>>> print(open('query.cif').read())   # mmCIF, C-alpha atoms
data_protein
#
loop_
_atom_site.label_atom_id
_atom_site.label_comp_id
_atom_site.auth_asym_id
_atom_site.auth_seq_id
_atom_site.Cartn_x
_atom_site.Cartn_y
_atom_site.Cartn_z
CA MET A 1 172.54 93.51 32.74
CA THR A 2 175.82 92.02 34.03
CA ASP A 3 174.08 88.76 34.97
CA SER A 4 172.55 88.56 31.49
CA LEU A 5 175.95 89.09 29.85
CA SER A 6 177.56 86.45 32.10
CA ASN A 7 174.81 83.99 31.23
CA ARG A 8 175.33 84.59 27.50
CA GLU A 9 179.09 84.12 27.89
CA ALA A 10 178.55 80.89 29.84
CA GLU A 11 176.14 79.64 27.19
CA GLY A 12 178.73 80.46 24.53
CA GLU A 13 181.41 78.49 26.37
CA HIS A 14 178.92 75.65 26.84
CA SER A 15 178.10 75.48 23.12
CA ALA A 16 181.76 75.77 22.06
CA LEU A 17 182.83 72.95 24.37
CA LEU A 18 180.07 70.62 23.24
CA ARG A 19 180.84 71.36 19.58
CA THR A 20 184.48 70.50 20.24
CA ILE A 21 183.65 67.21 21.96
CA GLU A 22 181.08 66.17 19.36
CA GLY A 23 182.95 67.57 16.38
CA GLU A 24 186.54 66.72 17.15
CA VAL A 25 186.25 63.55 19.21
CA ILE A 26 183.12 61.63 18.30
CA PRO A 27 182.41 61.84 14.51
CA ARG A 28 186.03 61.35 13.43
CA LEU A 29 187.21 58.86 16.01
CA ILE A 30 184.59 56.18 16.64
CA LEU A 31 185.81 53.12 14.77
CA ALA A 32 183.03 51.95 12.44
CA HIS A 33 183.52 48.18 12.11
CA ARG A 34 187.24 47.64 11.74
CA ALA A 35 190.48 48.59 13.49
CA VAL A 36 194.08 49.11 12.42
CA VAL A 37 196.57 46.89 14.20
CA ASP A 38 200.30 47.05 13.43
CA GLY A 39 199.50 48.82 10.17
CA ASN A 40 197.13 46.06 8.98
CA ARG A 41 193.33 45.88 9.00
CA CYS A 42 191.51 43.31 11.06
CA ASP A 43 187.92 42.64 12.08
CA GLU A 44 186.85 44.64 15.09
CA LEU A 45 185.63 41.46 16.77
CA SER A 46 189.23 40.20 16.91
CA SER A 47 189.66 42.10 20.19
CA PRO A 48 188.38 39.62 22.82
CA LEU A 49 187.58 42.33 25.37
CA ARG A 50 185.40 45.34 24.63
CA PRO A 51 184.57 48.19 27.03
CA GLY A 52 181.05 48.74 28.27
CA SER A 53 179.35 51.50 30.21
CA SER A 54 180.89 50.31 33.49
CA GLU A 55 184.42 50.78 32.10
CA VAL A 56 183.52 54.19 30.68
CA PHE A 57 182.11 55.41 34.00
CA GLU A 58 184.99 53.95 36.00
CA LEU A 59 187.68 55.57 33.84
CA ALA A 60 185.79 58.87 33.89
CA ARG A 61 185.66 58.72 37.69
CA ILE A 62 189.40 58.05 37.92
CA VAL A 63 190.28 60.80 35.46
CA LEU A 64 188.09 63.40 37.16
CA ARG A 65 189.64 62.47 40.50
CA GLY A 66 192.99 63.41 39.01
CA SER A 67 195.06 60.26 39.51
CA ALA A 68 197.12 59.85 36.32
CA ALA A 69 198.98 56.81 37.71
CA GLU A 70 195.73 55.08 38.68
CA ALA A 71 194.17 55.83 35.28
CA MET A 72 197.18 54.40 33.43
CA ALA A 73 197.23 51.34 35.68
CA TYR A 74 193.54 50.79 34.92
CA LEU A 75 194.16 50.93 31.16
CA ARG A 76 197.15 48.61 31.39
CA GLY A 77 194.99 46.18 33.34
CA LEU A 78 192.48 46.16 30.49
CA GLN A 79 195.30 45.55 28.01
CA THR A 80 196.51 42.61 30.10
CA LEU A 81 193.00 41.15 29.94
CA GLY A 82 193.10 41.39 26.14
CA MET A 83 191.72 44.81 25.18
CA SER A 84 193.59 46.23 22.17
CA THR A 85 195.10 49.71 22.18
CA GLU A 86 192.85 50.77 19.28
CA THR A 87 189.77 49.63 21.21
CA ILE A 88 190.90 51.70 24.18
CA TYR A 89 191.51 54.75 21.98
CA LEU A 90 188.21 54.66 20.13
CA GLU A 91 185.75 52.76 22.30
CA LEU A 92 186.85 53.89 25.75
CA LEU A 93 188.69 57.24 25.66
CA ALA A 94 186.31 58.80 23.12
CA PRO A 95 183.13 57.71 25.00
CA VAL A 96 184.66 59.07 28.22
CA ALA A 97 185.09 62.42 26.45
CA ARG A 98 181.44 62.27 25.39
CA HIS A 99 180.49 61.44 28.98
CA PHE A 100 182.30 64.59 30.12
CA GLY A 101 180.19 66.57 27.65
CA THR A 102 177.02 65.05 29.12
CA ARG A 103 178.16 65.96 32.63
CA TRP A 104 178.64 69.55 31.51
CA GLU A 105 175.23 69.57 29.84
CA ASP A 106 173.39 68.31 32.92
CA GLU A 107 175.51 70.60 35.15
CA THR A 108 177.13 67.85 37.21
CA SER A 109 180.55 69.15 36.07
CA ASP A 110 181.64 72.71 35.33
CA PHE A 111 183.57 74.02 32.33
CA VAL A 112 186.96 73.89 34.06
CA GLU A 113 186.48 70.33 35.31
CA VAL A 114 185.49 69.07 31.85
CA THR A 115 188.35 70.93 30.15
CA VAL A 116 190.88 69.50 32.62
CA GLY A 117 189.36 66.04 32.12
CA LEU A 118 189.84 66.25 28.35
CA LYS A 119 193.45 67.32 28.84
CA ARG A 120 194.04 64.29 31.07
CA LEU A 121 192.51 62.02 28.43
CA GLN A 122 194.92 63.52 25.90
CA ASP A 123 197.84 62.77 28.21
CA LEU A 124 196.64 59.17 28.67
CA ALA A 125 196.47 58.66 24.90
CA HIS A 126 200.03 59.96 24.59
CA GLN A 127 201.26 57.61 27.33
CA LEU A 128 199.55 54.66 25.65
CA SER A 129 201.32 55.51 22.41
CA ASP A 130 204.71 55.62 24.14
CA ALA A 131 204.04 52.38 26.03
CA ASN A 132 203.05 50.54 22.86
CA SER A 133 205.62 51.99 20.46
CA GLU A 134 207.04 48.53 19.81
CA SER A 135 203.75 47.49 18.17
CA GLN A 136 203.92 50.22 15.56
CA ALA A 137 204.73 49.32 11.99
CA PRO A 138 208.23 50.38 10.90
CA THR A 139 208.24 53.93 9.57
CA LYS A 140 208.05 53.88 5.79
CA VAL A 141 210.07 56.17 3.53
CA GLY A 142 208.18 59.29 2.47
CA ARG A 143 205.40 58.85 4.99
CA ARG A 144 205.90 61.99 7.02
CA ALA A 145 203.00 64.09 8.26
CA LEU A 146 202.24 67.04 10.52
CA PHE A 147 198.85 66.99 12.25
CA VAL A 148 197.72 69.94 14.37
CA ALA A 149 194.58 71.64 15.57
CA LEU A 150 193.89 75.10 14.20
CA PRO A 151 195.73 77.68 16.33
CA LYS A 152 193.68 78.77 19.38
CA GLU A 153 191.71 75.52 19.27
CA GLN A 154 191.94 74.43 22.91
CA HIS A 155 191.05 70.75 22.61
CA VAL A 156 193.30 68.64 20.40
CA PHE A 157 192.34 65.19 21.64
CA GLY A 158 190.79 64.10 18.33
CA ALA A 159 193.75 65.15 16.21
CA GLN A 160 196.04 63.26 18.56
CA LEU A 161 194.13 59.99 18.22
CA VAL A 162 194.13 60.25 14.42
CA SER A 163 197.89 60.79 14.61
CA GLU A 164 198.25 57.58 16.62
CA PHE A 165 196.48 55.57 13.91
CA LEU A 166 198.87 56.95 11.31
CA ARG A 167 201.91 56.15 13.46
CA ARG A 168 200.76 52.57 13.89
CA ALA A 169 200.44 52.33 10.10
CA GLY A 170 204.08 53.33 9.60
CA TRP A 171 203.82 57.11 9.33
CA ASP A 172 206.29 59.52 10.95
CA VAL A 173 203.77 61.92 12.48
CA TRP A 174 204.86 65.20 14.05
CA ASP A 175 202.81 66.85 16.80
CA ALA A 176 202.77 70.56 17.55
CA PRO A 177 200.32 71.02 20.45
CA GLY A 178 199.63 74.68 21.13
CA ALA A 179 201.50 75.80 18.01
CA ASN A 180 200.58 79.23 16.68
CA GLU A 181 200.56 80.23 13.03
CA PRO A 182 204.22 81.38 12.89
CA ASP A 183 205.27 78.09 14.55
CA ILE A 184 203.43 76.03 11.94
CA LEU A 185 204.74 78.05 9.00
CA SER A 186 208.30 77.85 10.34
CA LEU A 187 207.99 74.08 10.75
CA VAL A 188 206.68 73.38 7.24
CA GLY A 189 209.29 75.78 5.88
CA SER A 190 212.17 73.87 7.47
CA GLU A 191 210.95 70.25 7.46
CA TRP A 192 209.61 68.16 4.56
CA PHE A 193 206.09 66.77 5.06
CA ALA A 194 204.10 64.74 2.56
CA VAL A 195 200.84 65.59 4.34
CA VAL A 196 199.78 68.37 6.69
CA GLY A 197 196.53 67.90 8.59
CA PHE A 198 194.31 70.35 10.47
CA SER A 199 191.29 69.85 12.71
CA ILE A 200 188.57 72.36 13.55
CA SER A 201 185.37 72.15 15.58
CA THR A 202 183.12 74.94 14.25
CA ALA A 203 182.14 76.28 10.83
CA SER A 204 183.12 79.78 11.96
CA GLN A 205 186.75 78.62 11.76
CA LEU A 206 186.56 77.81 8.04
CA PRO A 207 187.84 81.24 6.81
CA SER A 208 190.79 81.11 9.23
CA LEU A 209 191.57 77.57 8.14
CA ALA A 210 191.46 78.50 4.45
CA ALA A 211 193.85 81.40 5.04
CA LEU A 212 196.29 79.21 6.96
CA ILE A 213 196.24 76.47 4.30
CA ARG A 214 197.16 79.05 1.64
CA LYS A 215 200.09 80.21 3.77
CA VAL A 216 201.22 76.63 4.43
CA ARG A 217 201.29 75.82 0.72
CA ARG A 218 203.39 78.93 0.04
CA ALA A 219 205.80 78.28 2.91
CA SER A 220 206.16 74.50 2.55
CA VAL A 221 209.49 72.95 1.61
CA ASN A 222 207.41 70.39 -0.26
CA ARG A 223 205.80 72.41 -3.03
CA ASN A 224 203.35 69.57 -3.67
CA VAL A 225 202.36 69.12 -0.02
CA ARG A 226 198.95 67.52 0.49
CA VAL A 227 196.51 68.90 3.08
CA MET A 228 193.94 66.94 5.08
CA VAL A 229 191.21 68.47 7.22
CA GLY A 230 188.81 67.05 9.77
CA GLY A 231 186.08 67.94 12.23
CA LEU A 232 182.32 68.36 12.40
CA PRO A 233 182.16 71.20 9.84
CA PHE A 234 183.22 68.72 7.12
CA ALA A 235 180.76 65.96 8.06
CA GLY A 236 178.16 65.92 5.31
CA HIS A 237 179.81 68.92 3.62
CA PRO A 238 182.48 67.54 1.25
CA GLU A 239 182.36 70.78 -0.75
CA ARG A 240 184.01 72.56 2.18
CA VAL A 241 187.20 70.55 1.69
CA THR A 242 187.81 72.21 -1.66
CA LYS A 243 186.50 75.55 -0.41
CA VAL A 244 189.25 75.79 2.24
CA GLY A 245 191.89 74.63 -0.25
CA ALA A 246 192.44 71.14 1.20
CA ASP A 247 192.82 67.84 -0.64
CA ALA A 248 190.89 65.41 1.56
CA THR A 249 189.03 64.82 4.82
CA ALA A 250 188.61 61.74 7.00
CA ILE A 251 185.80 60.51 9.22
CA ASP A 252 187.89 58.44 11.67
CA GLY A 253 191.36 57.06 12.32
CA LYS A 254 191.08 54.18 9.87
CA ASP A 255 189.81 56.48 7.14
CA ALA A 256 192.62 58.95 7.86
CA VAL A 257 195.21 56.24 7.13
CA GLU A 258 193.51 55.36 3.84
CA ARG A 259 193.20 59.00 2.76
CA ALA A 260 196.81 59.78 3.67
CA GLU A 261 198.02 56.79 1.63
CA GLN A 262 195.96 57.97 -1.33
CA LEU A 263 197.40 61.48 -1.06
CA LEU A 264 200.90 60.02 -0.88
CA GLU A 265 200.26 58.04 -4.05
CA LEU A 266 199.10 61.22 -5.81
CA LEU A 267 202.16 63.05 -4.55
CA GLY A 268 204.38 60.32 -5.99
CA ARG A 269 202.75 60.72 -9.39
CA ARG A 270 203.35 64.47 -9.33
CA ASN A 271 207.00 64.00 -8.46
#
>>> encode(input="query.cif", output="C-alpha coordinates")
Amino acid sequence: MTDSLSNREAEGEHSALLRTIEGEVIPRLILAHRAVVDGNRCDELSSPLRPGSSEVFELARIVLRGSAAEAMAYLRGLQTLGMSTETIYLELLAPVARHFGTRWEDETSDFVEVTVGLKRLQDLAHQLSDANSESQAPTKVGRRALFVALPKEQHVFGAQLVSEFLRRAGWDVWDAPGANEPDILSLVGSEWFAVVGFSISTASQLPSLAALIRKVRRASVNRNVRVMVGGLPFAGHPERVTKVGADATAIDGKDAVERAEQLLELLGRRN
(Lines of atoms letter the chains of each structure in order from A and count residues from 1; the text may use other names and numbers.)
(Lines give C-alpha, C1' and ligand atoms only; values in the text may rest on other atoms or scores of the structure.)
Protein backbone atom coordinates (compact mmCIF):
# COMPACT_ATOMS: atom_id res chain seq x y z
CA MET A 1 0.00 0.00 0.00
CA THR A 2 2.79 2.40 1.00
CA ASP A 3 4.86 1.43 -2.05
CA SER A 4 1.86 2.04 -4.30
CA LEU A 5 1.29 5.48 -2.78
CA SER A 6 4.99 6.37 -3.15
CA ASN A 7 4.91 5.29 -6.78
CA ARG A 8 1.86 7.46 -7.45
CA GLU A 9 3.53 10.43 -5.76
CA ALA A 10 6.70 9.90 -7.80
CA GLU A 11 4.67 9.66 -11.00
CA GLY A 12 2.92 12.90 -10.05
CA GLU A 13 6.24 14.67 -9.51
CA HIS A 14 7.48 13.22 -12.80
CA SER A 15 4.48 14.52 -14.75
CA ALA A 16 4.57 17.94 -13.06
CA LEU A 17 8.27 18.41 -13.83
CA LEU A 18 7.91 17.41 -17.47
CA ARG A 19 4.91 19.72 -17.87
CA THR A 20 6.97 22.57 -16.44
CA ILE A 21 9.92 21.93 -18.76
CA GLU A 22 7.76 21.48 -21.85
CA GLY A 23 5.21 24.14 -20.94
CA GLU A 24 7.35 26.90 -19.48
CA VAL A 25 10.65 26.48 -21.31
CA ILE A 26 10.12 24.95 -24.72
CA PRO A 27 6.88 26.28 -26.36
CA ARG A 28 7.39 29.91 -25.30
CA LEU A 29 11.13 30.23 -25.65
CA ILE A 30 12.37 28.53 -28.82
CA LEU A 31 13.03 31.34 -31.28
CA ALA A 32 11.09 30.63 -34.47
CA HIS A 33 13.12 32.25 -37.26
CA ARG A 34 14.23 35.60 -35.93
CA ALA A 35 15.99 37.05 -32.88
CA VAL A 36 15.93 40.37 -31.05
CA VAL A 37 19.29 42.09 -30.83
CA ASP A 38 19.70 45.46 -29.10
CA GLY A 39 15.96 46.00 -29.37
CA ASN A 40 15.91 45.47 -33.16
CA ARG A 41 14.91 42.44 -35.22
CA CYS A 42 17.43 40.62 -37.36
CA ASP A 43 17.54 37.38 -39.32
CA GLU A 44 18.40 34.40 -37.18
CA LEU A 45 21.14 33.44 -39.63
CA SER A 46 23.02 36.63 -38.72
CA SER A 47 24.59 34.75 -35.79
CA PRO A 48 27.64 33.05 -37.37
CA LEU A 49 27.82 30.33 -34.72
CA ARG A 50 24.91 28.11 -33.78
CA PRO A 51 24.89 25.40 -31.09
CA GLY A 52 24.50 21.75 -31.98
CA SER A 53 23.92 18.60 -29.98
CA SER A 54 27.57 18.49 -28.88
CA GLU A 55 27.28 21.93 -27.25
CA VAL A 56 23.98 20.98 -25.61
CA PHE A 57 25.43 17.78 -24.13
CA GLU A 58 28.63 19.49 -23.03
CA LEU A 59 26.85 22.33 -21.23
CA ALA A 60 24.45 19.84 -19.62
CA ARG A 61 27.42 17.81 -18.37
CA ILE A 62 29.08 20.92 -16.89
CA VAL A 63 25.88 22.13 -15.25
CA LEU A 64 25.07 18.75 -13.71
CA ARG A 65 28.62 18.53 -12.38
CA GLY A 66 27.92 21.75 -10.51
CA SER A 67 30.71 24.05 -11.70
CA ALA A 68 29.09 27.48 -12.17
CA ALA A 69 32.43 29.12 -13.05
CA GLU A 70 33.21 26.48 -15.69
CA ALA A 71 29.71 26.76 -17.18
CA MET A 72 29.99 30.55 -17.45
CA ALA A 73 33.47 30.29 -18.94
CA TYR A 74 32.12 27.85 -21.54
CA LEU A 75 29.33 30.25 -22.52
CA ARG A 76 31.70 33.20 -22.71
CA GLY A 77 33.95 31.13 -24.96
CA LEU A 78 31.02 30.57 -27.33
CA GLN A 79 30.30 34.31 -27.30
CA THR A 80 33.93 35.03 -28.17
CA LEU A 81 33.61 32.69 -31.15
CA GLY A 82 30.57 34.66 -32.34
CA MET A 83 27.49 33.08 -30.76
CA SER A 84 24.92 35.75 -29.84
CA THR A 85 23.39 35.99 -26.39
CA GLU A 86 19.90 35.37 -27.80
CA THR A 87 21.13 32.21 -29.53
CA ILE A 88 22.57 31.00 -26.23
CA TYR A 89 19.32 31.77 -24.39
CA LEU A 90 16.98 30.09 -26.84
CA GLU A 91 19.01 27.51 -28.73
CA LEU A 92 21.34 26.30 -26.00
CA LEU A 93 19.91 26.90 -22.51
CA ALA A 94 16.37 25.84 -23.47
CA PRO A 95 17.50 22.60 -25.22
CA VAL A 96 19.65 21.80 -22.18
CA ALA A 97 16.52 22.12 -20.03
CA ARG A 98 14.72 19.75 -22.41
CA HIS A 99 17.67 17.37 -22.18
CA PHE A 100 17.28 17.36 -18.39
CA GLY A 101 13.64 16.37 -18.87
CA THR A 102 14.71 13.47 -21.10
CA ARG A 103 17.22 12.33 -18.49
CA TRP A 104 14.45 12.29 -15.89
CA GLU A 105 12.16 10.39 -18.25
CA ASP A 106 14.71 7.66 -18.99
CA GLU A 107 15.74 7.58 -15.30
CA THR A 108 19.37 8.60 -15.83
CA SER A 109 18.76 11.59 -13.51
CA ASP A 110 16.48 11.85 -10.48
CA PHE A 111 13.99 14.59 -9.62
CA VAL A 112 16.39 16.49 -7.34
CA GLU A 113 19.24 16.45 -9.87
CA VAL A 114 17.00 17.79 -12.65
CA THR A 115 15.48 20.46 -10.39
CA VAL A 116 18.93 21.64 -9.28
CA GLY A 117 20.06 21.63 -12.92
CA LEU A 118 17.19 23.91 -13.94
CA LYS A 119 18.02 26.28 -11.08
CA ARG A 120 21.63 26.45 -12.29
CA LEU A 121 20.44 27.22 -15.82
CA GLN A 122 18.35 30.05 -14.39
CA ASP A 123 21.41 31.43 -12.61
CA LEU A 124 23.45 31.23 -15.83
CA ALA A 125 20.79 33.19 -17.74
CA HIS A 126 20.86 35.87 -15.04
CA GLN A 127 24.67 36.10 -15.19
CA LEU A 128 24.55 36.41 -18.98
CA SER A 129 22.10 39.28 -18.65
CA ASP A 130 24.36 41.10 -16.18
CA ALA A 131 27.46 40.48 -18.31
CA ASN A 132 25.77 41.84 -21.43
CA SER A 133 23.86 44.75 -19.91
CA GLU A 134 25.74 47.20 -22.11
CA SER A 135 24.10 45.69 -25.21
CA GLN A 136 20.60 46.40 -23.99
CA ALA A 137 18.60 49.15 -25.63
CA PRO A 138 18.19 52.25 -23.44
CA THR A 139 15.16 51.95 -21.20
CA LYS A 140 12.22 53.76 -22.75
CA VAL A 141 9.78 55.92 -20.81
CA GLY A 142 6.63 54.06 -19.76
CA ARG A 143 8.00 50.64 -20.56
CA ARG A 144 7.93 49.11 -17.11
CA ALA A 145 6.84 45.53 -16.49
CA LEU A 146 6.67 42.93 -13.75
CA PHE A 147 7.04 39.30 -14.86
CA VAL A 148 6.66 36.47 -12.35
CA ALA A 149 5.70 32.83 -12.18
CA LEU A 150 2.48 32.01 -10.37
CA PRO A 151 3.18 31.67 -6.63
CA LYS A 152 4.31 28.14 -5.68
CA GLU A 153 5.49 27.51 -9.25
CA GLN A 154 8.97 26.12 -8.60
CA HIS A 155 10.58 26.58 -12.01
CA VAL A 156 10.74 30.14 -13.32
CA PHE A 157 13.37 29.69 -16.02
CA GLY A 158 10.99 30.45 -18.90
CA ALA A 159 9.63 33.65 -17.38
CA GLN A 160 13.18 34.82 -16.79
CA LEU A 161 14.22 34.37 -20.42
CA VAL A 162 11.15 36.25 -21.66
CA SER A 163 12.09 39.05 -19.25
CA GLU A 164 15.57 39.20 -20.79
CA PHE A 165 14.11 39.73 -24.27
CA LEU A 166 12.02 42.62 -22.97
CA ARG A 167 15.03 44.19 -21.23
CA ARG A 168 17.06 44.05 -24.42
CA ALA A 169 14.19 45.81 -26.20
CA GLY A 170 14.30 48.73 -23.77
CA TRP A 171 11.86 47.61 -21.07
CA ASP A 172 12.46 48.09 -17.34
CA VAL A 173 11.54 44.59 -16.19
CA TRP A 174 11.20 43.74 -12.50
CA ASP A 175 11.78 40.19 -11.24
CA ALA A 176 10.23 38.74 -8.10
CA PRO A 177 11.48 35.13 -7.90
CA GLY A 178 9.72 33.19 -5.16
CA ALA A 179 7.24 36.01 -4.52
CA ASN A 180 4.00 34.98 -2.84
CA GLU A 181 0.61 36.57 -3.45
CA PRO A 182 0.93 39.29 -0.75
CA ASP A 183 4.38 40.20 -2.13
CA ILE A 184 3.00 40.63 -5.65
CA LEU A 185 -0.02 42.64 -4.53
CA SER A 186 2.17 44.89 -2.37
CA LEU A 187 4.54 45.49 -5.28
CA VAL A 188 1.85 46.43 -7.83
CA GLY A 189 0.20 48.58 -5.15
CA SER A 190 3.36 50.62 -4.56
CA GLU A 191 5.05 50.66 -7.98
CA TRP A 192 3.62 51.65 -11.37
CA PHE A 193 3.76 48.94 -14.06
CA ALA A 194 2.41 49.18 -17.58
CA VAL A 195 2.34 45.39 -17.91
CA VAL A 196 2.25 42.54 -15.41
CA GLY A 197 3.03 39.06 -16.71
CA PHE A 198 2.43 35.60 -15.24
CA SER A 199 3.55 32.14 -16.33
CA ILE A 200 1.97 28.80 -15.44
CA SER A 201 2.70 25.23 -16.47
CA THR A 202 -0.56 23.32 -15.96
CA ALA A 203 -4.24 23.91 -16.71
CA SER A 204 -5.06 23.14 -13.08
CA GLN A 205 -3.50 26.51 -12.20
CA LEU A 206 -5.95 28.50 -14.33
CA PRO A 207 -8.47 29.21 -11.49
CA SER A 208 -5.68 30.38 -9.17
CA LEU A 209 -4.27 32.57 -11.93
CA ALA A 210 -7.67 34.12 -12.66
CA ALA A 211 -8.16 34.94 -8.97
CA LEU A 212 -4.72 36.53 -8.71
CA ILE A 213 -5.23 38.64 -11.85
CA ARG A 214 -8.47 40.03 -10.39
CA LYS A 215 -6.63 40.98 -7.20
CA VAL A 216 -3.75 42.55 -9.14
CA ARG A 217 -6.13 44.76 -11.13
CA ARG A 218 -7.80 45.93 -7.92
CA ALA A 219 -4.51 46.58 -6.11
CA SER A 220 -2.54 48.12 -8.99
CA VAL A 221 -1.41 51.74 -8.85
CA ASN A 222 -2.00 51.74 -12.59
CA ARG A 223 -5.75 51.30 -12.89
CA ASN A 224 -5.35 50.44 -16.58
CA VAL A 225 -2.57 47.88 -16.05
CA ARG A 226 -2.27 45.30 -18.83
CA VAL A 227 -1.78 41.61 -18.04
CA MET A 228 0.11 39.05 -20.10
CA VAL A 229 0.09 35.30 -19.50
CA GLY A 230 2.15 32.44 -20.86
CA GLY A 231 2.74 28.72 -20.63
CA LEU A 232 1.53 25.47 -22.16
CA PRO A 233 -2.11 25.86 -21.01
CA PHE A 234 -2.47 28.82 -23.41
CA ALA A 235 -0.90 27.12 -26.44
CA GLY A 236 -3.76 26.44 -28.83
CA HIS A 237 -6.28 27.81 -26.31
CA PRO A 238 -6.54 31.58 -26.91
CA GLU A 239 -9.95 31.61 -25.22
CA ARG A 240 -8.22 30.93 -21.91
CA VAL A 241 -6.52 34.33 -22.02
CA THR A 242 -9.86 36.09 -21.69
CA LYS A 243 -11.18 33.45 -19.30
CA VAL A 244 -8.48 34.24 -16.71
CA GLY A 245 -8.95 37.99 -17.21
CA ALA A 246 -5.69 38.66 -19.08
CA ASP A 247 -5.12 40.84 -22.13
CA ALA A 248 -2.62 38.83 -24.16
CA THR A 249 -0.32 35.80 -24.34
CA ALA A 250 2.98 35.20 -26.12
CA ILE A 251 4.57 32.13 -27.66
CA ASP A 252 8.23 33.13 -27.27
CA GLY A 253 10.54 35.99 -26.33
CA LYS A 254 10.20 37.84 -29.62
CA ASP A 255 6.42 37.57 -29.52
CA ALA A 256 6.41 38.79 -25.90
CA VAL A 257 8.14 42.02 -26.96
CA GLU A 258 5.61 42.59 -29.75
CA ARG A 259 2.63 41.88 -27.50
CA ALA A 260 3.94 44.10 -24.71
CA GLU A 261 4.43 46.97 -27.18
CA GLN A 262 0.88 46.51 -28.44
CA LEU A 263 -0.49 46.55 -24.88
CA LEU A 264 1.51 49.70 -24.15
CA GLU A 265 0.00 51.37 -27.21
CA LEU A 266 -3.50 50.45 -26.01
CA LEU A 267 -2.67 51.76 -22.56
CA GLY A 268 -1.57 55.07 -24.09
CA ARG A 269 -4.89 55.40 -25.89
CA ARG A 270 -6.81 54.79 -22.66
CA ASN A 271 -4.79 57.43 -20.84
>>> resolve_selection(input="query.cif", expression="the PyMOL selection byres ((chain A and resi 181-183) around 10)", output="PDB file with C-alpha atoms, in the frame of the given file")
ATOM      1  CA  LEU A 150     193.890  75.100  14.200  1.00  0.00           C
ATOM      2  CA  PRO A 151     195.730  77.680  16.330  1.00  0.00           C
ATOM      3  CA  LYS A 152     193.680  78.770  19.380  1.00  0.00           C
ATOM      4  CA  ALA A 176     202.770  70.560  17.550  1.00  0.00           C
ATOM      5  CA  GLY A 178     199.630  74.680  21.130  1.00  0.00           C
ATOM      6  CA  ALA A 179     201.500  75.800  18.010  1.00  0.00           C
ATOM      7  CA  ASN A 180     200.580  79.230  16.680  1.00  0.00           C
ATOM      8  CA  ILE A 184     203.430  76.030  11.940  1.00  0.00           C
ATOM      9  CA  LEU A 185     204.740  78.050   9.000  1.00  0.00           C
ATOM     10  CA  SER A 186     208.300  77.850  10.340  1.00  0.00           C
ATOM     11  CA  LEU A 187     207.990  74.080  10.750  1.00  0.00           C
ATOM     12  CA  VAL A 188     206.680  73.380   7.240  1.00  0.00           C
ATOM     13  CA  GLY A 189     209.290  75.780   5.880  1.00  0.00           C
ATOM     14  CA  LEU A 212     196.290  79.210   6.960  1.00  0.00           C
ATOM     15  CA  LYS A 215     200.090  80.210   3.770  1.00  0.00           C
ATOM     16  CA  VAL A 216     201.220  76.630   4.430  1.00  0.00           C
TER      17      VAL A 216
END
>>> resolve_selection(input="query.cif", expression="the PyMOL selection byres ((chain A and resi 245) around 12)", output="number ranges by chain")
A: 198, 206-217, 225-229, 238-244, 246-249
>>> atom_distance(input="query.cif", atom1="CA of Ala235 (chain A)", atom2="CA of Leu90 (chain A)")
18.1 Å
>>> atom_distance(input="query.cif", atom1="CA of Lys254 (chain A)", atom2="CA of Val221 (chain A)")
27.6 Å
>>> closest_residue(input="query.cif", among="A:Gly66, A:Gly82, A:Gly170, A:Gly197", to="Pro51 (chain A)", atoms="all atoms listed in the file")
A:Gly82
>>> residues_around(input="query.cif", residues="Val63 (chain A)", least_positions_apart="2", cutoff="10 Å", atoms="only C-alpha atoms", output="number ranges by chain")
A: 57-61, 65-72, 96, 116-121, 124
>>> resolve_selection(input="query.cif", expression="the PyMOL selection byres ((chain A and resi 250) around 10)", output="list of chain:residue names")
A:Pro27, A:Arg28, A:Leu29, A:Val162, A:Met228, A:Val229, A:Gly230, A:Gly231, A:Phe234, A:Ala235, A:Ala248, A:Thr249, A:Ile251, A:Asp252, A:Gly253, A:Lys254, A:Asp255, A:Ala256, A:Val257, A:Glu258, A:Arg259, A:Ala260
>>> atom_distance(input="query.cif", atom1="CA of Ser190 (chain A)", atom2="CA of Asp123 (chain A)")
27.5 Å
